[in-house]
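*Asks:* Let me give you the structure first, and then I'll get to my questions.
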Amino acid sequence: MEALIAFWSHALAAALFAALTIWRAGAAARQPGQRLLAGAFALTACWAWLSAVTPGDTVTGYAEDGRNLLWISLLYSISAASREREHGLKLVYGAVAGVIGLSVIGATLELFSPAGALAQTGLILRITTAAGALVLVHNVYGQAAPASRSHIRFAALGLALMWIYDLNLYTVGYLGSASAPRLFEWRGLAVALTAPLFALATRDESGWRIRVSRAATFQSLSLLAICAYFALMAIVATALRGSGVDWTAGLMIALLAAMTVGAMVILPSARARGWAKVKLAKHLFEHRYDYRTEWLRFTETIGRASVDAPPLGERIVKAFADVIDAPGGLLLVNDSGTVTLGATWNWPGGNPPPADLEGSLPMWSAIETSGRIIEVEAIRQGWANAREKSLPLPEWLLENRAAWAAVPLLHQQRLIGLVVLASPEYRRPLDWEDFDLLRTAGNQAASSLAEAMGQEALANAQRFEEFNRRFAFILHDIKNLVSQLSLLSRNAERHADNAEFRADMIATLQSSVGKMNELLARLAPHSSSRVQRVEAQSLRPILTAAIASKRRDRDVQLLGDASVHAFVDPGALEQAVGHLLQNAVDASSGTAVMVRVSGGPDSVTIAISDKGVGMDGDFIRNRLFQPFASTKSGGFGIGAFEARSLVAAMGGRMSVDSRLGEGTTFTITLPAPAQLGEPERKIA
């Protein structure tokens, strides 16, 4: 019964894979890349048939090794289709192929000397082959492009199922379990179940394109090293078992001691780790850097914007230090024609004095012209080329033993920064890969640094703009105060003996001094807003105070119910109405100026009208509310602009209606208490 199960299960697998071979034969003839796949199908079918008719025969073992080798070759062809061919990748696949070769040699030797040790060794090699193949399948699928995983998923699942079964079969056989023959009987059925998976996977072979990273390669090497270690220990233990002397314990202790000593040397020493990293990258990989990983880390370090993130200068230095494993560095910048220290990060050499930095301008100009990365260590040791030796490097840089290389940050052909990196523990000369990566990273960092400098300059310009805007408003208010004091001075010559005039003059002077102090306080950088507190206020005292200062020049009449309430800031509204009244007085020719108040359920309006010269539509649309635009000779053109700003800050709005030769009406609309409900609603 057991023989029948073994026969028919393997025969089914042979039939299914033979069908797959016939199905892919046409594609293999048209596309050379499909020949490995068709060959793997064919050899799997051949192995399955030999397992059905001659189980346990040496030829069947050869067929199994050939099947495994073709499937490994197919995985390698998929991985090697990537543009970045790595020597470490070849080493991984070469190691698995070498184990398969040893298995073939062991099976051949067993023909001439059927010893038990050779049979046990053969089982260990097959266990190692299955384990190594599973590692490769895992990494091929894990490193596949997301778009191609849907195509390769079924093939990876089929190969994993086949080699997982083999791993368990040979492990159970090596341990001498009685269930090993039963597992062999159903092995054909397990392989037959993978055939539909391969059929689904080969419907669209164009998706079998992946890229294997360095992390996958190092992971594969590590796992294969572990598998090789256990395989070697098992082989040695099997060989020594028949010698009559137990050498296993001593050998294990010696190996453990060697590994411990090696770990104690390599792990604590930065120089040893740097040396190992350089040698592995040089001999296992075509390129020194994993550019995707390096670039993602570089941009993440520079672009970090959390609250606890260090300043941009420190992040730039750290980003460059991480690229070439430098322990620290410093950033030099050009501040208005003087080289200064911009930032440091773990710099071990001590900050250069400002006096020494001031003498670095010749170096700055030379690097800006050449754009070259400077190998300070090479110039110091005398093995740099003639062009680098001719650079006018300052003494503080050459004498500082910590300085290793200097990377220019060029933005639009202008040197805006220079990153000086400290020497790593393992010093090596820079090569073309280092120069290309550092130069490209320098351009990226220069853009970020230039943007930060531009934002800082813009912020400074905005602060100056705010100061200038405040100063312009204050000049306009001072102009009005000067006009008021000039009128007071002229009237004092005629009415100085009048007691009432003297009292009014003193009150006017006190009011003017108070307003001037307020104007000076508003020039402070952290002065409060002109609109302090918006609350429900009666308009009569505010409008009366604004009108009183203008009645000395012209008749100003207050009409309507001025006792209504509106949400206003008293000082801001008085100032806004004063600006509009001044404009009305200046524009009219002897006629009275009207201030009319009207209230409604939702809003209160204040209309200021004159019968003056008026304004045309173009001036109202394009110039009236623009600063420094005025129709009056000697005017600042600030009054209407500031009045509208003050009204808007109180939550109101202002409109204008004017006709040439007929006069102008400014209308201020303010929210009424009935609209907003509460007597005190906000602080602006």
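Chain labels follow the order of the structure tokens: the first chain is A, the next B, and so on; residue numbering restarts at 1 in every chain, and ligands are counted from 1 in their shown order.
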Using only C-alpha atoms, what does the table of stretch 26-85 of chain A residues within 10 Å of stretch 107-131 of chain A look like, with each row giving the shortest atom pair and its distance in Å to one decimal, sorted by chain and ascending number, as a Markdown table?

*Replies:*
```
| residue | atom | partner | partner_atom | distance |
| --- | --- | --- | --- | --- |
| A:Thr58 | CA | A:Ala107 | CA | 6.8 |
| A:Val59 | CA | A:Ala107 | CA | 9.4 |
| A:Gly61 | CA | A:Ala107 | CA | 7.6 |
| A:Tyr62 | CA | A:Ala107 | CA | 8.0 |
| A:Glu64 | CA | A:Arg126 | CA | 9.9 |
| A:Asp65 | CA | A:Arg126 | CA | 8.8 |
| A:Asn68 | CA | A:Thr129 | CA | 8.2 |
| A:Leu69 | CA | A:Thr129 | CA | 9.6 |
```

*Asks:* Within 6 Å of A:Thr194, counting only C-alpha atoms, which residues qualify if same-chain residues fewer than 3 places away don't, as a list of chain:residue names?

*Replies:*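 Surrounding residues, per the criterion: A:Gly158, A:Val191, A:Leu197.
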
*Asks:* Would you export the selected residues with N, CA and C atoms as an mmCIF file, in the first residue's frame, please?

*Replies:*
```cif
data_model
loop_
_atom_site.group_PDB
_atom_site.id
_atom_site.type_symbol
_atom_site.label_atom_id
_atom_site.label_comp_id
_atom_site.auth_asym_id
_atom_site.auth_seq_id
_atom_site.Cartn_x
_atom_site.Cartn_y
_atom_site.Cartn_z
ATOM 1 N N GLY A 158 4.893 28.311 -4.207
ATOM 2 C CA GLY A 158 5.146 26.953 -4.668
ATOM 3 C C GLY A 158 6.536 26.466 -4.286
ATOM 4 N N VAL A 191 4.580 17.971 -3.913
ATOM 5 C CA VAL A 191 5.134 18.635 -5.091
ATOM 6 C C VAL A 191 4.060 18.851 -6.141
ATOM 7 N N LEU A 197 0.103 26.311 -8.588
ATOM 8 C CA LEU A 197 0.658 27.611 -8.199
ATOM 9 C C LEU A 197 1.616 28.132 -9.260
#
```

*Asks:* Determine, using only C-alpha atoms, which residues of stretch 530-604 of chain A have any atom at most 6 Å from an atom of stretch 608-614 of chain A, and tabulate each with its shortest atom pair and distance in Å to one decimal place, rows ordered by chain and then rising number, as CSV.

*Replies:*
```
residue,atom,partner,partner_atom,distance
A:Ala584,CA,A:Asp610,CA,5.6
A:Ala587,CA,A:Gly612,CA,4.9
A:Ser588,CA,A:Gly612,CA,3.7
A:Val593,CA,A:Asp610,CA,5.0
A:Met594,CA,A:Ser609,CA,5.1
A:Val595,CA,A:Ile608,CA,4.6
```

*Asks:* What lies within 6 Å of stretch 446-451 of chain A using only C-alpha atoms, ignoring chain neighbours under 6 positions off, as a list in words?

*Replies:*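 Result of the neighbour search: Leu409, Leu410 and His411 of chain A.
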
*Asks:* Provide the atom CA of A:Glu395 to atom CA of A:Ser360 distance in Å, to one decimal place.

*Replies:*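 Atom-to-atom, atom CA of A:Glu395 and atom CA of A:Ser360 are spaced 9.2 Å apart.
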